[in-house]
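Participant: Take a look at coords.cif, mmCIF, C-alpha atoms:
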```cif
data_target
#
loop_
_atom_site.label_atom_id
_atom_site.label_comp_id
_atom_site.auth_asym_id
_atom_site.auth_seq_id
_atom_site.Cartn_x
_atom_site.Cartn_y
_atom_site.Cartn_z
CA MET Q 10 27.37 14.07 11.77
CA ASP Q 11 27.41 12.29 15.17
CA THR Q 12 25.28 9.55 16.71
CA THR Q 13 22.36 11.80 17.65
CA ALA Q 14 21.90 13.00 14.08
CA TYR Q 15 22.27 9.50 12.63
CA VAL Q 16 19.67 8.08 15.01
CA ALA Q 17 17.27 10.94 14.26
CA LEU Q 18 17.81 10.54 10.52
CA SER Q 19 17.16 6.79 10.66
CA ARG Q 20 13.90 7.51 12.49
CA GLN Q 21 12.93 10.13 9.93
CA VAL Q 22 13.53 7.81 6.97
CA GLY Q 23 11.38 5.13 8.62
CA LEU Q 24 8.61 7.61 9.41
CA MET Q 25 8.61 8.89 5.83
CA ARG Q 26 8.05 5.36 4.52
CA GLU Q 27 5.39 4.80 7.18
CA MET Q 28 3.58 7.92 5.96
CA THR Q 29 3.63 6.55 2.41
CA VAL Q 30 2.02 3.29 3.56
CA LEU Q 31 -0.62 5.07 5.65
CA ALA Q 32 -1.43 7.49 2.84
CA ASN Q 33 -1.96 4.53 0.49
CA ASN Q 34 -4.32 2.94 3.03
CA VAL Q 35 -6.32 6.15 3.30
CA ALA Q 36 -6.48 6.45 -0.50
CA ASN Q 37 -7.99 2.93 -0.69
CA ILE Q 38 -10.70 3.33 1.94
CA GLY Q 39 -13.29 2.91 -0.80
CA THR Q 40 -11.53 0.10 -2.71
CA THR Q 41 -13.44 -3.19 -2.77
CA GLY Q 42 -11.68 -5.95 -0.83
CA PHE Q 43 -8.62 -3.80 -0.02
CA ARG Q 44 -6.37 -4.98 2.81
CA ALA Q 45 -4.59 -2.40 4.99
CA GLU Q 46 -0.80 -2.44 4.90
CA ARG Q 47 1.46 -2.09 7.95
CA THR Q 48 5.16 -1.21 8.16
CA LEU Q 49 7.51 -3.45 10.15
CA PHE Q 50 10.39 -1.85 12.03
CA ASP Q 51 13.45 -3.41 13.61
CA THR Q 52 16.61 -2.34 15.41
CA VAL Q 53 19.58 -2.70 13.07
CA LEU Q 54 22.40 -1.43 15.30
CA ARG Q 55 22.57 -1.04 19.05
CA ARG Q 56 25.23 0.51 21.29
CA ALA Q 57 25.07 -0.09 25.02
CA GLY Q 58 27.04 1.81 27.64
CA PRO Q 59 26.90 3.42 31.07
CA ALA Q 60 24.62 6.15 29.71
CA GLY Q 61 22.11 3.67 28.29
CA GLU Q 62 21.38 2.38 24.82
CA VAL Q 63 21.37 4.06 21.42
CA ALA Q 64 19.49 2.19 18.69
CA PHE Q 65 19.16 2.80 14.97
CA VAL Q 66 15.81 1.86 13.43
CA GLN Q 67 15.00 0.60 9.95
CA ASP Q 68 11.78 -0.41 8.21
CA VAL Q 69 12.42 -4.02 7.23
CA GLY Q 70 9.25 -4.68 5.27
CA THR Q 71 5.48 -4.52 5.28
CA THR Q 72 2.69 -6.85 6.25
CA HIS Q 73 -1.03 -6.83 5.49
CA ASP Q 74 -4.01 -6.88 7.78
CA LEU Q 75 -5.99 -9.82 6.41
CA ARG Q 76 -9.10 -9.29 8.51
CA PRO Q 77 -12.28 -9.19 6.41
CA GLY Q 78 -13.88 -5.89 5.54
CA PRO Q 79 -17.56 -5.01 6.02
CA LEU Q 80 -20.15 -6.32 3.57
CA ALA Q 81 -22.40 -3.84 1.79
CA ALA Q 82 -25.46 -4.55 -0.35
CA THR Q 83 -25.32 -3.35 -3.95
CA GLY Q 84 -28.33 -5.09 -5.47
CA SER Q 85 -26.34 -6.08 -8.56
CA PRO Q 86 -26.66 -9.81 -9.42
CA LEU Q 87 -23.06 -9.87 -10.64
CA ASP Q 88 -21.65 -8.56 -7.36
CA VAL Q 89 -20.54 -11.25 -4.94
CA ALA Q 90 -18.93 -11.08 -1.51
CA ILE Q 91 -17.01 -13.80 0.31
CA ASP Q 92 -18.22 -14.59 3.83
CA GLY Q 93 -15.34 -16.47 5.42
CA ASP Q 94 -11.78 -17.46 4.57
CA GLY Q 95 -11.57 -17.67 0.80
CA TRP Q 96 -10.36 -16.01 -2.40
CA LEU Q 97 -11.81 -15.75 -5.88
CA THR Q 98 -9.45 -17.02 -8.59
CA PHE Q 99 -8.90 -15.10 -11.82
CA ALA Q 100 -6.86 -16.02 -14.90
CA ALA Q 101 -4.10 -13.46 -15.49
CA ALA Q 102 -1.34 -13.29 -18.09
CA ASP Q 103 1.33 -14.25 -15.54
CA GLY Q 104 -0.59 -16.97 -13.74
CA PRO Q 105 -3.63 -17.26 -11.48
CA GLY Q 106 -4.41 -14.26 -9.30
CA TYR Q 107 -6.48 -14.24 -6.13
CA SER Q 108 -8.84 -11.51 -5.04
CA ARG Q 109 -11.55 -10.62 -2.52
CA GLY Q 110 -13.02 -8.12 -4.96
CA GLY Q 111 -16.24 -9.63 -6.30
CA ARG Q 112 -17.42 -6.92 -8.68
CA LEU Q 113 -17.98 -9.14 -11.71
CA GLN Q 114 -19.07 -8.31 -15.23
CA LEU Q 115 -20.01 -10.13 -18.43
CA ALA Q 116 -17.65 -9.97 -21.39
CA ALA Q 117 -19.01 -9.84 -24.93
CA ASP Q 118 -18.67 -13.63 -25.24
CA GLY Q 119 -20.53 -14.24 -21.94
CA THR Q 120 -17.42 -14.89 -19.82
CA LEU Q 121 -17.59 -13.73 -16.20
CA THR Q 122 -14.63 -11.43 -15.54
CA ASP Q 123 -13.35 -8.84 -13.08
CA SER Q 124 -13.30 -5.13 -13.93
CA ALA Q 125 -9.98 -5.59 -15.75
CA GLY Q 126 -11.38 -8.30 -18.03
CA ARG Q 127 -9.66 -11.25 -16.33
CA PRO Q 128 -11.81 -14.40 -16.45
CA LEU Q 129 -13.22 -15.79 -13.22
CA LEU Q 130 -12.27 -19.46 -12.81
CA ASP Q 131 -14.51 -22.29 -11.66
CA ASP Q 132 -13.60 -25.08 -9.24
CA ALA Q 133 -11.92 -26.96 -12.13
CA GLY Q 134 -9.75 -23.99 -13.10
CA ALA Q 135 -11.68 -23.10 -16.26
CA PRO Q 136 -13.29 -19.74 -17.17
CA ILE Q 137 -17.02 -19.45 -16.49
CA THR Q 138 -18.98 -18.60 -19.63
CA LEU Q 139 -22.74 -18.04 -19.64
CA PRO Q 140 -24.88 -18.91 -22.67
CA ALA Q 141 -26.23 -15.90 -24.55
CA ALA Q 142 -29.68 -14.55 -23.60
CA ASP Q 143 -30.02 -16.99 -20.72
CA GLY Q 144 -31.66 -14.52 -18.37
CA GLU Q 145 -30.72 -13.32 -14.91
CA VAL Q 146 -27.70 -14.86 -13.19
CA SER Q 147 -28.07 -16.55 -9.81
CA ILE Q 148 -25.07 -17.27 -7.55
CA ALA Q 149 -25.70 -19.67 -4.67
CA ALA Q 150 -23.87 -19.68 -1.33
CA ASP Q 151 -21.75 -22.65 -2.47
CA GLY Q 152 -20.68 -20.73 -5.59
CA THR Q 153 -22.98 -22.45 -8.09
CA VAL Q 154 -23.75 -20.11 -10.98
CA SER Q 155 -27.15 -20.67 -12.57
CA THR Q 156 -29.43 -19.11 -15.14
CA ARG Q 157 -33.02 -19.95 -16.06
CA THR Q 158 -31.76 -23.01 -17.96
CA GLY Q 159 -30.08 -24.45 -14.87
CA PRO Q 160 -26.61 -24.63 -13.23
CA ILE Q 161 -23.68 -23.52 -15.41
CA ALA Q 162 -20.59 -23.85 -13.21
CA ARG Q 163 -19.34 -23.48 -9.65
CA ILE Q 164 -17.08 -20.58 -8.72
CA GLY Q 165 -13.72 -21.81 -7.46
CA LEU Q 166 -12.86 -20.49 -4.00
CA ALA Q 167 -9.29 -20.94 -2.77
CA SER Q 168 -7.83 -20.83 0.73
CA PHE Q 169 -4.25 -21.15 1.94
CA ALA Q 170 -2.57 -22.82 4.89
CA ASP Q 171 -0.57 -19.63 5.43
CA PRO Q 172 -2.50 -16.64 4.07
CA ARG Q 173 0.47 -14.37 4.79
CA ALA Q 174 2.32 -16.07 1.94
CA LEU Q 175 0.06 -14.09 -0.39
CA ARG Q 176 1.68 -11.02 -1.92
CA PRO Q 177 -0.15 -8.15 -3.64
CA ARG Q 178 0.69 -7.87 -7.33
CA GLY Q 179 -1.37 -4.80 -8.15
CA ASP Q 180 -4.82 -4.05 -9.53
CA GLY Q 181 -6.55 -5.91 -6.71
CA LEU Q 182 -4.84 -9.26 -7.32
CA TRP Q 183 -2.66 -11.31 -4.98
CA SER Q 184 -0.31 -14.16 -5.83
CA THR Q 185 1.58 -16.93 -4.05
CA THR Q 186 3.69 -19.97 -4.86
CA ALA Q 187 1.72 -22.02 -2.31
CA ALA Q 188 -0.83 -24.48 -3.61
CA PRO Q 189 -4.46 -23.39 -3.05
CA LEU Q 190 -6.71 -25.47 -0.81
CA PRO Q 191 -10.50 -25.87 -0.94
CA SER Q 192 -12.40 -23.16 0.90
CA ALA Q 193 -15.48 -23.60 3.09
CA ALA Q 194 -16.45 -19.93 2.75
CA ARG Q 195 -19.87 -18.98 1.41
CA LEU Q 196 -20.69 -16.46 -1.29
CA VAL Q 197 -23.29 -13.73 -0.88
CA GLN Q 198 -24.83 -12.46 -4.11
CA GLY Q 199 -25.67 -8.78 -4.49
CA MET Q 200 -23.06 -7.65 -1.96
CA LEU Q 201 -19.44 -6.49 -1.97
CA GLU Q 202 -16.76 -6.62 0.69
CA GLY Q 203 -15.39 -3.20 1.49
CA SER Q 204 -11.89 -2.18 2.50
CA ASN Q 205 -10.85 -3.22 6.01
CA VAL Q 206 -9.19 0.16 6.54
CA GLU Q 207 -10.76 1.95 9.52
CA PRO Q 208 -10.86 5.60 8.36
CA VAL Q 209 -10.73 7.34 11.76
CA LEU Q 210 -7.93 5.14 13.12
CA GLU Q 211 -5.93 5.37 9.90
CA MET Q 212 -6.20 9.17 9.75
CA THR Q 213 -5.17 9.32 13.41
CA ARG Q 214 -2.10 7.17 12.67
CA LEU Q 215 -1.23 9.38 9.71
CA ILE Q 216 -1.48 12.55 11.82
CA GLU Q 217 0.62 11.01 14.62
CA THR Q 218 3.28 9.86 12.16
CA THR Q 219 3.38 13.29 10.50
CA ARG Q 220 3.82 14.98 13.88
CA ALA Q 221 6.54 12.52 14.86
CA PHE Q 222 8.36 13.28 11.58
CA GLU Q 223 8.11 17.02 12.24
CA GLY Q 224 9.29 16.53 15.83
CA THR Q 225 12.33 14.59 14.65
CA GLN Q 226 13.08 17.35 12.14
CA ARG Q 227 13.05 19.90 14.97
CA LEU Q 228 15.41 17.66 16.96
CA ILE Q 229 17.86 17.54 14.04
CA GLU Q 230 17.67 21.31 13.56
CA THR Q 231 18.19 21.96 17.30
CA HIS Q 232 21.14 19.56 17.37
CA HIS Q 233 22.75 21.24 14.36
CA ASP Q 234 22.21 24.64 15.97
CA LEU Q 235 23.94 23.50 19.17
CA GLU Q 236 26.88 22.18 17.15
CA ARG Q 237 27.13 25.45 15.24
CA ARG Q 238 27.17 27.48 18.45
CA ALA Q 239 29.81 25.22 19.97
CA VAL Q 240 32.06 25.65 16.92
CA GLU Q 241 31.56 29.43 16.98
CA ARG Q 242 32.58 29.60 20.67
CA LEU Q 243 35.65 27.48 20.04
CA LEU Q 244 36.69 29.73 17.18
CA ALA Q 245 36.07 32.83 19.26
CA ALA Q 246 38.18 31.46 22.12
CA ALA Q 247 41.06 30.46 19.83
#
```
Kindly return the structure encoded in the file as structure tokens.

Facilitator:
Amino acid sequence: MDTTAYVALSRQVGLMREMTVLANNVANIGTTGFRAERTLFDTVLRRAGPAGEVAFVQDVGTTHDLRPGPLAATGSPLDVAIDGDGWLTFAAADGPGYSRGGRLQLAADGTLTDSAGRPLLDDAGAPITLPAADGEVSIAADGTVSTRTGPIARIGLASFADPRALRPRGDGLWSTTAAPLPSAARLVQGMLEGSNVEPVLEMTRLIETTRAFEGTQRLIETHHDLERRAVERLLAAA
């Protein structure tokens, strides 16, 4: 296999991983608070000469589009969306997890949790538990959770000096070793933040990547066919 085939193969491997990332974005168009993922490419080997340059490409990692998604009204008093730069904090088995998904629910003991049963933490780092039969829950813009008997706790919102230090850990949670900072974001009760994936653009990217992969496959096949013909002619002339 010569340089042409190696370059084409490196492109094909990168495109295949790009398709996986794009397909995951498309699959999460309807996921609350989802952040689109992007593949990062870089040149790993370059050869320069009189005929120009030949470069091998490699996907070196992924990054996330941290722009907020659109807010949609749900009417549920336990749904809450974040308007601004902030993250809800949940208690997980392996440490605090951060999320933009505000679909909350009440556990049997009155604790506010996410859909996986992880407790929502207040601004002091403690779970928020509502007294039994206390009536409808009210969540103010500053995160204060109240019932008919008065304020119960204040939802803890975290922000980070470098949001790109956050890494997804699965099931809608993100984690980081950086210390959280106070957030000035406001909460909107009865709404949820949607995915920031733009369906039309993402489907267009997926189609373009698929076509590029197929085009590279045709290049490899054509190159192999030319090599085969050249070998056949050499053997015939021998």

Participant: How would you write as an mmCIF file with C-alpha atoms, keeping the file's coordinate frame the residues that get within 8 Å of (-7.4, -18.3, -14.8) in the file's frame, counting all atoms listed in the file?

Facilitator:
```cif
data_model
loop_
_atom_site.group_PDB
_atom_site.id
_atom_site.type_symbol
_atom_site.label_atom_id
_atom_site.label_comp_id
_atom_site.auth_asym_id
_atom_site.auth_seq_id
_atom_site.Cartn_x
_atom_site.Cartn_y
_atom_site.Cartn_z
ATOM 1 C CA THR Q 98 -9.450 -17.020 -8.590
ATOM 2 C CA PHE Q 99 -8.900 -15.100 -11.820
ATOM 3 C CA ALA Q 100 -6.860 -16.020 -14.900
ATOM 4 C CA ALA Q 101 -4.100 -13.460 -15.490
ATOM 5 C CA GLY Q 104 -0.590 -16.970 -13.740
ATOM 6 C CA PRO Q 105 -3.630 -17.260 -11.480
ATOM 7 C CA GLY Q 106 -4.410 -14.260 -9.300
ATOM 8 C CA ARG Q 127 -9.660 -11.250 -16.330
ATOM 9 C CA PRO Q 128 -11.810 -14.400 -16.450
ATOM 10 C CA LEU Q 129 -13.220 -15.790 -13.220
ATOM 11 C CA LEU Q 130 -12.270 -19.460 -12.810
ATOM 12 C CA GLY Q 134 -9.750 -23.990 -13.100
ATOM 13 C CA ALA Q 135 -11.680 -23.100 -16.260
ATOM 14 C CA PRO Q 136 -13.290 -19.740 -17.170
#
```

Participant: Run through the PyMOL selection byres ((chain Q and resi 177) around 12) on the given coordinates and return the selected residues as a list in words.

Facilitator: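 This file gives the following for the PyMOL selection byres ((chain Q and resi 177) around 12): Phe43, Arg44, Ala45, Glu46, Thr71, Thr72, His73, Leu75, Gly106, Tyr107, Ser108, Arg109, Pro172, Arg173, Ala174, Leu175, Arg176, Arg178, Gly179, Asp180, Gly181, Leu182, Trp183, Ser184 and Thr185 of chain Q.
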
Participant: Using only C-alpha atoms for the distances, tell me which of Q:Arg163, Q:Arg26, Q:Arg242, Q:Arg195 is nearest to Q:Val89.

Facilitator: Q:Arg195

Participant: Fewer than 5 positions away in the same chain doesn't count, so skip those; otherwise give me all residues within 12 Å of Q:Glu230, counting all atoms listed in the file, as a list in words.

Facilitator: Thr13, Ala14, Ala17, Leu18, Glu223, Gly224, Thr225, Leu235, Glu236 and Arg237 of chain Q

Participant: In Å to one decimal, how far is atom CA of Q:Asp94 from atom CA of Q:Gly119?

Facilitator: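 For atom CA of Q:Gly119 relative to atom CA of Q:Asp94, the distance reads 28.1 Å.
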
Participant: So what do you get for atom CA of Q:Gly42 versus atom CA of Q:Gly203, distance-wise?

Facilitator: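 One can read the atom CA of Q:Gly42 to atom CA of Q:Gly203 distance as 5.2 Å.
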
Participant: What does the distance from atom CA of Q:Glu27 to atom CA of Q:Glu211 come to in Å, to one decimal?

Facilitator: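 Value for the atom CA of Q:Glu27-atom CA of Q:Glu211 distance: 11.7 Å.
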
Participant: Could you list the residues chosen by the PyMOL selection byres ((chain Q and resi 152) around 10) in this structure as a list in words?

Facilitator: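 Applied to this file, the PyMOL selection byres ((chain Q and resi 152) around 10) selects Val89, Ile91, Asp131, Asp132, Ser147, Ile148, Ala149, Ala150, Asp151, Thr153, Val154, Ser155, Ala162, Arg163, Ile164, Gly165, Leu166, Ala194, Arg195, Leu196, Val197 and Gln198 of chain Q.
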
Participant: With distances taken over only C-alpha atoms, which residue among Q:Val146, Q:Ala102, Q:Leu190, Q:Ile38 lies nearest Q:Met212?

Facilitator: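 Checking each candidate against Q:Met212, we get Q:Ile38 as the closest.
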
Participant: Smallest atom-to-atom distance to Q:Ala117: which of Q:Ala81, Q:Leu228, Q:Leu201, Q:Leu139, using only C-alpha atoms?

Facilitator: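 Result for the nearest residue to Q:Ala117: Q:Leu139.
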
Participant: Taking the file above as input, evaluate the PyMOL selection byres ((chain Q and resi 207) around 12) and report the hits as a ChimeraX atom specification.

Facilitator: /Q:31,34-39,43-46,74,76-79,203-206,208-214

Participant: Quick one: residues within 9 Å of Q:Ala116, all atoms listed in the file, excluding same-chain residues fewer than 2 positions away - as a PyMOL selection string?

Facilitator: chain Q and resi 114+118-122+126+128+138

Participant: Point out the residue among Q:Phe50, Q:Tyr15, Q:Phe222, Q:Phe169 with the least atom-to-atom distance to Q:Ala193, counting only C-alpha atoms.

Facilitator: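 Nearest candidate to Q:Ala193 out of Q:Phe50, Q:Tyr15, Q:Phe222, Q:Phe169: Q:Phe169.
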
Participant: Measuring atom to atom with all atoms listed in the file, identify which of Q:Met200, Q:Leu113, Q:Glu145, Q:Ala187 is nearest to Q:Ala90.

Facilitator: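 For Q:Ala90, the nearest of the given residues is Q:Met200.
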
Participant: Could you list, as a ChimeraX atom specification, every residue within 9 Å of Q:Met28, counting only C-alpha atoms and ignoring same-chain residues fewer than 2 positions away?

Facilitator: /Q:23-26,30-33,214-215,218-219

Participant: N, CA and C atoms are what I want for stretch 75-105 of chain Q; can you complete it accordingly and write them as a PDB file, keeping the file's coordinate frame?

Facilitator:
```pdb
ATOM      1  N   LEU Q  75      -5.131  -8.954   7.220  1.00  0.00           N
ATOM      2  CA  LEU Q  75      -5.990  -9.820   6.410  1.00  0.00           C
ATOM      3  C   LEU Q  75      -7.388 -10.003   7.008  1.00  0.00           C
ATOM      4  N   ARG Q  76      -7.735  -9.207   7.983  1.00  0.00           N
ATOM      5  CA  ARG Q  76      -9.100  -9.290   8.510  1.00  0.00           C
ATOM      6  C   ARG Q  76     -10.109  -8.894   7.435  1.00  0.00           C
ATOM      7  N   PRO Q  77     -11.283  -9.528   7.441  1.00  0.00           N
ATOM      8  CA  PRO Q  77     -12.280  -9.190   6.410  1.00  0.00           C
ATOM      9  C   PRO Q  77     -12.821  -7.776   6.597  1.00  0.00           C
ATOM     10  N   GLY Q  78     -13.249  -7.196   5.488  1.00  0.00           N
ATOM     11  CA  GLY Q  78     -13.880  -5.890   5.540  1.00  0.00           C
ATOM     12  C   GLY Q  78     -15.391  -6.041   5.668  1.00  0.00           C
ATOM     13  N   PRO Q  79     -16.100  -4.950   5.879  1.00  0.00           N
ATOM     14  CA  PRO Q  79     -17.560  -5.010   6.020  1.00  0.00           C
ATOM     15  C   PRO Q  79     -18.240  -5.325   4.690  1.00  0.00           C
ATOM     16  N   LEU Q  80     -19.377  -6.003   4.758  1.00  0.00           N
ATOM     17  CA  LEU Q  80     -20.150  -6.320   3.570  1.00  0.00           C
ATOM     18  C   LEU Q  80     -21.231  -5.266   3.364  1.00  0.00           C
ATOM     19  N   ALA Q  81     -21.393  -4.846   2.115  1.00  0.00           N
ATOM     20  CA  ALA Q  81     -22.400  -3.840   1.790  1.00  0.00           C
ATOM     21  C   ALA Q  81     -23.236  -4.313   0.617  1.00  0.00           C
ATOM     22  N   ALA Q  82     -24.547  -4.129   0.722  1.00  0.00           N
ATOM     23  CA  ALA Q  82     -25.460  -4.550  -0.350  1.00  0.00           C
ATOM     24  C   ALA Q  82     -25.374  -3.589  -1.524  1.00  0.00           C
ATOM     25  N   THR Q  83     -25.346  -4.160  -2.730  1.00  0.00           N
ATOM     26  CA  THR Q  83     -25.320  -3.350  -3.950  1.00  0.00           C
ATOM     27  C   THR Q  83     -26.552  -3.594  -4.819  1.00  0.00           C
ATOM     28  N   GLY Q  84     -27.154  -4.757  -4.671  1.00  0.00           N
ATOM     29  CA  GLY Q  84     -28.330  -5.090  -5.470  1.00  0.00           C
ATOM     30  C   GLY Q  84     -27.992  -5.619  -6.853  1.00  0.00           C
ATOM     31  N   SER Q  85     -26.716  -5.589  -7.240  1.00  0.00           N
ATOM     32  CA  SER Q  85     -26.340  -6.080  -8.560  1.00  0.00           C
ATOM     33  C   SER Q  85     -26.169  -7.599  -8.525  1.00  0.00           C
ATOM     34  N   PRO Q  86     -26.782  -8.340  -9.443  1.00  0.00           N
ATOM     35  CA  PRO Q  86     -26.660  -9.810  -9.420  1.00  0.00           C
ATOM     36  C   PRO Q  86     -25.257 -10.306  -9.745  1.00  0.00           C
ATOM     37  N   LEU Q  87     -24.431  -9.453 -10.319  1.00  0.00           N
ATOM     38  CA  LEU Q  87     -23.060  -9.870 -10.640  1.00  0.00           C
ATOM     39  C   LEU Q  87     -22.055  -9.466  -9.577  1.00  0.00           C
ATOM     40  N   ASP Q  88     -22.529  -8.851  -8.490  1.00  0.00           N
ATOM     41  CA  ASP Q  88     -21.650  -8.560  -7.360  1.00  0.00           C
ATOM     42  C   ASP Q  88     -21.729  -9.715  -6.378  1.00  0.00           C
ATOM     43  N   VAL Q  89     -20.566 -10.130  -5.880  1.00  0.00           N
ATOM     44  CA  VAL Q  89     -20.540 -11.250  -4.940  1.00  0.00           C
ATOM     45  C   VAL Q  89     -19.479 -11.000  -3.873  1.00  0.00           C
ATOM     46  N   ALA Q  90     -19.858 -11.238  -2.634  1.00  0.00           N
ATOM     47  CA  ALA Q  90     -18.930 -11.080  -1.510  1.00  0.00           C
ATOM     48  C   ALA Q  90     -18.621 -12.436  -0.900  1.00  0.00           C
ATOM     49  N   ILE Q  91     -17.428 -12.558  -0.325  1.00  0.00           N
ATOM     50  CA  ILE Q  91     -17.010 -13.800   0.310  1.00  0.00           C
ATOM     51  C   ILE Q  91     -17.207 -13.677   1.815  1.00  0.00           C
ATOM     52  N   ASP Q  92     -18.000 -14.557   2.387  1.00  0.00           N
ATOM     53  CA  ASP Q  92     -18.220 -14.590   3.830  1.00  0.00           C
ATOM     54  C   ASP Q  92     -17.405 -15.746   4.402  1.00  0.00           C
ATOM     55  N   GLY Q  93     -16.222 -15.439   4.886  1.00  0.00           N
ATOM     56  CA  GLY Q  93     -15.340 -16.470   5.420  1.00  0.00           C
ATOM     57  C   GLY Q  93     -13.952 -16.380   4.807  1.00  0.00           C
ATOM     58  N   ASP Q  94     -13.167 -17.424   5.026  1.00  0.00           N
ATOM     59  CA  ASP Q  94     -11.780 -17.460   4.570  1.00  0.00           C
ATOM     60  C   ASP Q  94     -11.721 -18.045   3.161  1.00  0.00           C
ATOM     61  N   GLY Q  95     -11.633 -17.189   2.166  1.00  0.00           N
ATOM     62  CA  GLY Q  95     -11.570 -17.670   0.800  1.00  0.00           C
ATOM     63  C   GLY Q  95     -11.194 -16.559  -0.161  1.00  0.00           C
ATOM     64  N   TRP Q  96     -10.786 -16.954  -1.364  1.00  0.00           N
ATOM     65  CA  TRP Q  96     -10.360 -16.010  -2.400  1.00  0.00           C
ATOM     66  C   TRP Q  96     -10.930 -16.440  -3.736  1.00  0.00           C
ATOM     67  N   LEU Q  97     -11.424 -15.481  -4.505  1.00  0.00           N
ATOM     68  CA  LEU Q  97     -11.810 -15.750  -5.880  1.00  0.00           C
ATOM     69  C   LEU Q  97     -10.538 -15.930  -6.711  1.00  0.00           C
ATOM     70  N   THR Q  98     -10.605 -16.764  -7.725  1.00  0.00           N
ATOM     71  CA  THR Q  98      -9.450 -17.020  -8.590  1.00  0.00           C
ATOM     72  C   THR Q  98      -9.717 -16.485  -9.991  1.00  0.00           C
ATOM     73  N   PHE Q  99      -8.769 -15.683 -10.489  1.00  0.00           N
ATOM     74  CA  PHE Q  99      -8.900 -15.100 -11.820  1.00  0.00           C
ATOM     75  C   PHE Q  99      -7.704 -15.516 -12.680  1.00  0.00           C
ATOM     76  N   ALA Q 100      -7.937 -15.671 -13.963  1.00  0.00           N
ATOM     77  CA  ALA Q 100      -6.860 -16.020 -14.900  1.00  0.00           C
ATOM     78  C   ALA Q 100      -6.185 -14.736 -15.347  1.00  0.00           C
ATOM     79  N   ALA Q 101      -4.878 -14.624 -15.068  1.00  0.00           N
ATOM     80  CA  ALA Q 101      -4.100 -13.460 -15.490  1.00  0.00           C
ATOM     81  C   ALA Q 101      -2.987 -13.916 -16.427  1.00  0.00           C
ATOM     82  N   ALA Q 102      -2.377 -12.960 -17.108  1.00  0.00           N
ATOM     83  CA  ALA Q 102      -1.340 -13.290 -18.090  1.00  0.00           C
ATOM     84  C   ALA Q 102      -0.150 -13.998 -17.463  1.00  0.00           C
ATOM     85  N   ASP Q 103       0.160 -13.660 -16.206  1.00  0.00           N
ATOM     86  CA  ASP Q 103       1.330 -14.250 -15.540  1.00  0.00           C
ATOM     87  C   ASP Q 103       0.946 -15.280 -14.496  1.00  0.00           C
ATOM     88  N   GLY Q 104      -0.189 -15.919 -14.670  1.00  0.00           N
ATOM     89  CA  GLY Q 104      -0.590 -16.970 -13.740  1.00  0.00           C
ATOM     90  C   GLY Q 104      -1.836 -16.587 -12.963  1.00  0.00           C
ATOM     91  N   PRO Q 105      -2.397 -17.535 -12.209  1.00  0.00           N
ATOM     92  CA  PRO Q 105      -3.630 -17.260 -11.480  1.00  0.00           C
ATOM     93  C   PRO Q 105      -3.443 -16.163 -10.424  1.00  0.00           C
TER      94      PRO Q 105
END
```
